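Peer 1: File query_15.pdb below, PDB, C-alpha atoms:
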```pdb
MODEL        1
ATOM      1  CA  GLY G   1    -125.471 -75.960 -90.438
ATOM      2  CA  ARG G   2    -122.456 -73.625 -90.338
ATOM      3  CA  ALA G   3    -124.360 -70.877 -92.129
ATOM      4  CA  ALA G   4    -127.374 -71.233 -89.841
ATOM      5  CA  LEU G   5    -125.274 -71.281 -86.687
ATOM      6  CA  THR G   6    -122.692 -68.630 -87.540
ATOM      7  CA  GLY G   7    -124.034 -66.663 -90.510
ATOM      8  CA  ALA G   8    -124.789 -63.680 -88.279
ATOM      9  CA  ILE G   9    -121.220 -63.387 -87.005
ATOM     10  CA  TYR G  10    -119.008 -64.521 -89.895
ATOM     11  CA  ALA G  11    -119.158 -62.981 -93.345
ATOM     12  CA  ARG G  12    -118.238 -66.318 -94.912
ATOM     13  CA  PRO G  13    -119.302 -69.124 -92.567
ATOM     14  CA  ALA G  14    -118.525 -71.820 -95.144
ATOM     15  CA  ARG G  15    -114.828 -71.023 -94.730
ATOM     16  CA  ARG G  16    -114.939 -72.213 -91.109
ATOM     17  CA  SER G  17    -114.522 -75.933 -90.645
ATOM     18  CA  PRO G  18    -117.389 -77.756 -88.922
ATOM     19  CA  ALA G  19    -115.031 -78.689 -86.070
ATOM     20  CA  ALA G  20    -113.961 -75.055 -85.626
ATOM     21  CA  VAL G  21    -117.578 -73.863 -85.550
ATOM     22  CA  VAL G  22    -118.479 -76.434 -82.884
ATOM     23  CA  ALA G  23    -115.382 -75.589 -80.814
ATOM     24  CA  GLU G  24    -115.980 -71.832 -81.062
ATOM     25  CA  THR G  25    -119.639 -72.181 -80.128
ATOM     26  CA  ARG G  26    -118.811 -74.336 -77.109
ATOM     27  CA  ALA G  27    -116.000 -72.005 -76.037
ATOM     28  CA  MET G  28    -118.312 -69.004 -76.086
ATOM     29  CA  ARG G  29    -121.098 -70.846 -74.287
ATOM     30  CA  GLU G  30    -118.725 -72.171 -71.627
ATOM     31  CA  ALA G  31    -116.586 -69.045 -71.171
ATOM     32  CA  VAL G  32    -116.499 -68.198 -67.470
ATOM     33  CA  GLY G  33    -116.841 -64.452 -67.979
ATOM     34  CA  PHE G  34    -119.283 -64.447 -70.894
ATOM     35  CA  ASP G  35    -122.472 -63.623 -68.963
ATOM     36  CA  ALA G  36    -120.774 -60.903 -66.885
ATOM     37  CA  THR G  37    -119.209 -59.376 -69.983
ATOM     38  CA  LEU G  38    -122.518 -59.399 -71.828
ATOM     39  CA  ALA G  39    -124.294 -57.813 -68.844
ATOM     40  CA  ALA G  40    -121.612 -55.115 -68.513
ATOM     41  CA  GLY G  41    -122.243 -54.127 -72.113
ATOM     42  CA  ASP G  42    -125.722 -53.000 -71.109
ATOM     43  CA  SER G  43    -124.525 -50.600 -68.423
ATOM     44  CA  GLU G  44    -120.985 -49.512 -69.314
ATOM     45  CA  LEU G  45    -120.864 -46.837 -71.985
ATOM     46  CA  PHE G  46    -118.117 -44.615 -73.296
ATOM     47  CA  THR G  47    -119.240 -41.052 -72.721
ATOM     48  CA  HIS G  48    -116.171 -39.036 -73.704
ATOM     49  CA  ASP G  49    -112.848 -39.063 -75.477
ATOM     50  CA  ILE G  50    -109.928 -41.026 -74.042
ATOM     51  CA  PRO G  51    -106.911 -38.725 -73.975
ATOM     52  CA  ASP G  52    -103.448 -40.178 -74.593
ATOM     53  CA  VAL G  53    -104.831 -43.618 -75.455
ATOM     54  CA  PRO G  54    -104.881 -44.700 -79.094
ATOM     55  CA  VAL G  55    -108.370 -45.955 -79.921
ATOM     56  CA  THR G  56    -109.335 -47.742 -83.101
ATOM     57  CA  ILE G  57    -112.935 -48.627 -83.866
ATOM     58  CA  ALA G  58    -112.837 -51.349 -86.484
ATOM     59  CA  TRP G  59    -116.107 -52.318 -88.135
ATOM     60  CA  GLY G  60    -116.815 -55.221 -90.458
ATOM     61  CA  SER G  61    -118.572 -54.102 -93.628
ATOM     62  CA  ARG G  62    -120.702 -57.261 -93.440
ATOM     63  CA  ASP G  63    -121.457 -57.159 -89.694
ATOM     64  CA  ARG G  64    -125.043 -58.384 -89.273
ATOM     65  CA  VAL G  65    -125.066 -58.076 -85.474
ATOM     66  CA  LEU G  66    -124.144 -54.403 -85.028
ATOM     67  CA  PRO G  67    -125.136 -51.898 -87.712
ATOM     68  CA  ARG G  68    -122.490 -49.572 -89.157
ATOM     69  CA  ARG G  69    -124.169 -46.544 -87.605
ATOM     70  CA  GLN G  70    -123.034 -47.741 -84.172
ATOM     71  CA  GLY G  71    -119.405 -47.423 -85.249
ATOM     72  CA  VAL G  72    -120.094 -43.918 -86.518
ATOM     73  CA  ARG G  73    -121.797 -43.081 -83.213
ATOM     74  CA  ALA G  74    -118.804 -44.441 -81.266
ATOM     75  CA  LYS G  75    -116.505 -42.218 -83.333
ATOM     76  CA  ARG G  76    -118.603 -39.182 -82.397
ATOM     77  CA  VAL G  77    -118.308 -40.078 -78.695
ATOM     78  CA  ILE G  78    -114.555 -40.699 -78.983
ATOM     79  CA  PRO G  79    -113.495 -38.035 -81.497
ATOM     80  CA  GLY G  80    -109.799 -38.906 -81.179
ATOM     81  CA  ALA G  81    -110.461 -42.455 -82.333
ATOM     82  CA  ARG G  82    -109.959 -43.643 -85.852
ATOM     83  CA  LEU G  83    -112.811 -45.531 -87.499
ATOM     84  CA  VAL G  84    -111.623 -48.282 -89.818
ATOM     85  CA  ARG G  85    -113.843 -50.224 -92.179
ATOM     86  CA  LEU G  86    -112.977 -53.907 -92.523
ATOM     87  CA  PRO G  87    -114.106 -54.862 -96.035
ATOM     88  CA  GLY G  88    -115.727 -58.263 -96.364
ATOM     89  CA  CYS G  89    -115.677 -58.925 -92.610
ATOM     90  CA  GLY G  90    -118.559 -59.808 -90.348
ATOM     91  CA  HIS G  91    -119.049 -59.374 -86.603
ATOM     92  CA  VAL G  92    -116.000 -61.525 -85.791
ATOM     93  CA  PRO G  93    -113.483 -60.092 -88.263
ATOM     94  CA  MET G  94    -110.493 -61.935 -86.834
ATOM     95  CA  ASN G  95    -111.943 -65.129 -88.279
ATOM     96  CA  ASP G  96    -112.914 -63.558 -91.607
ATOM     97  CA  ASP G  97    -109.589 -61.819 -92.286
ATOM     98  CA  PRO G  98    -106.966 -62.365 -89.574
ATOM     99  CA  ALA G  99    -104.194 -60.602 -91.512
ATOM    100  CA  LEU G 100    -106.284 -57.453 -91.970
ATOM    101  CA  VAL G 101    -107.234 -57.363 -88.283
ATOM    102  CA  ALA G 102    -103.589 -57.816 -87.275
ATOM    103  CA  ARG G 103    -102.553 -54.931 -89.562
ATOM    104  CA  VAL G 104    -105.246 -52.659 -88.105
ATOM    105  CA  ILE G 105    -104.158 -53.494 -84.547
ATOM    106  CA  LEU G 106    -100.489 -52.940 -85.338
ATOM    107  CA  ASP G 107    -101.179 -49.680 -87.183
ATOM    108  CA  GLY G 108    -103.263 -48.402 -84.272
ATOM    109  CA  SER G 109    -100.692 -49.265 -81.646
ATOM    110  CA  ARG G 110     -97.735 -47.470 -83.234
TER     111      ARG G 110
ENDMDL
END
```
Could I get this file's structure written as structure tokens?
Peer 2:
Amino acid sequence: GRAALTGAIYARPARRSPAAVVAETRAMREAVGFDATLAAGDSELFTHDIPDVPVTIAWGSRDRVLPRRQGVRAKRVIPGARLVRLPGCGHVPMNDDPALVARVILDGSR
């Protein structure tokens, strides 16, 4: 069940406990701003670089939701950004490798 429900977003769904998968699924479904955030993603696009703001585009090497080429495209739109590959991570890398994601965030915010 975990693989069927979360295989598209986690690189290793079997590592998530059944209780965690249920809780995460409910939290996303019941999140107050989820629909508005999803809708905004259809209309809000980065169209240029962001001066004086450190930008990191981190992409899971096993992301099955968004293909790698979208990260490359984002890097072209925001040339000052750094594009970081997250080996072994899926669409929700903070669950696949929390330590790696924390390091990438800390490195990008220095």
Peer 1: Write out as a compact mmCIF listing (two decimals) with C-alpha atoms, keeping the file's coordinate frame which residues come within 9 Å of Arg16 of chain G when counting all atoms listed in the file, dropping same-chain ones fewer than 4 positions away.
Peer 2:
```
# COMPACT_ATOMS: atom_id res chain seq x y z
CA ARG G 2 -122.46 -73.62 -90.34
CA TYR G 10 -119.01 -64.52 -89.90
CA ARG G 12 -118.24 -66.32 -94.91
CA ALA G 20 -113.96 -75.06 -85.63
CA VAL G 21 -117.58 -73.86 -85.55
CA ASN G 95 -111.94 -65.13 -88.28
CA ASP G 96 -112.91 -63.56 -91.61
```
Peer 1: Write out as a PyMOL selection string which residues come within 8 Å of segment 99-104 of chain G when counting only C-alpha atoms, dropping same-chain ones fewer than 2 positions away.
Peer 2: chain G and resi 58+84+86+93-94+97+106-108
Peer 1: In Å, rounded to a single decimal, give me how far atom CA of Thr56 of chain G is from atom CA of Leu38 of chain G.
Peer 2: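 Pair atom CA of Leu38 of chain G / atom CA of Thr56 of chain G returns 20.9 Å.
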Peer 1: Which residues, written as a list of chain:residue names, have at least one atom at most 12 Å from segment 68-77 of chain G, with all atoms listed in the file counted and residues fewer than 6 positions away on the same chain left out?
Peer 2: G:Leu45, G:Phe46, G:Thr47, G:His48, G:Asp49, G:Ile50, G:Val55, G:Thr56, G:Ile57, G:Ala58, G:Trp59, G:Gly60, G:Ser61, G:Arg62, G:Leu83, G:Val84, G:Arg85, G:Leu86, G:Gly90, G:His91
Peer 1: Using all atoms listed in the file, which residue out of G:Ala40, G:Ala8, G:Asp35, G:Glu24 lies closest to Pro67 of chain G?
Peer 2: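 Smallest distance to Pro67 of chain G is found for G:Ala8.
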Peer 1: With all atoms listed in the file as the basis for distance, which of G:Pro87, G:Ala39, G:Ala81, G:Leu5 is at the shortest distance from Thr25 of chain G?
Peer 2: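 Answer, going by the shortest atom-to-atom distance: G:Leu5.
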Peer 1: Which of these residues is nearest to Ile105 of chain G, using all atoms listed in the file: G:Ala36, G:Pro54, G:Arg15, G:Val65?
Peer 2: G:Pro54
Peer 1: Do you have the atom CA of Pro98 of chain G-atom CA of Ala23 of chain G distance handy?
Peer 2: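 Here the two named atoms are 18.0 Å from each other.
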Peer 1: Measure the distance from atom CA of Asp63 of chain G to atom CA of Ala4 of chain G in Å and round it to one decimal.
Peer 2: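 Calculated distance between atom CA of Asp63 of chain G and atom CA of Ala4 of chain G is 15.3 Å.
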Peer 1: Pick out the closest residue to Gly88 of chain G from this set: G:Ala3, G:Val32, G:Ala11, G:Pro18. Count all atoms listed in the file.
Peer 2: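 When distances to Gly88 of chain G are compared using all atoms listed in the file, the smallest one comes from G:Ala11.
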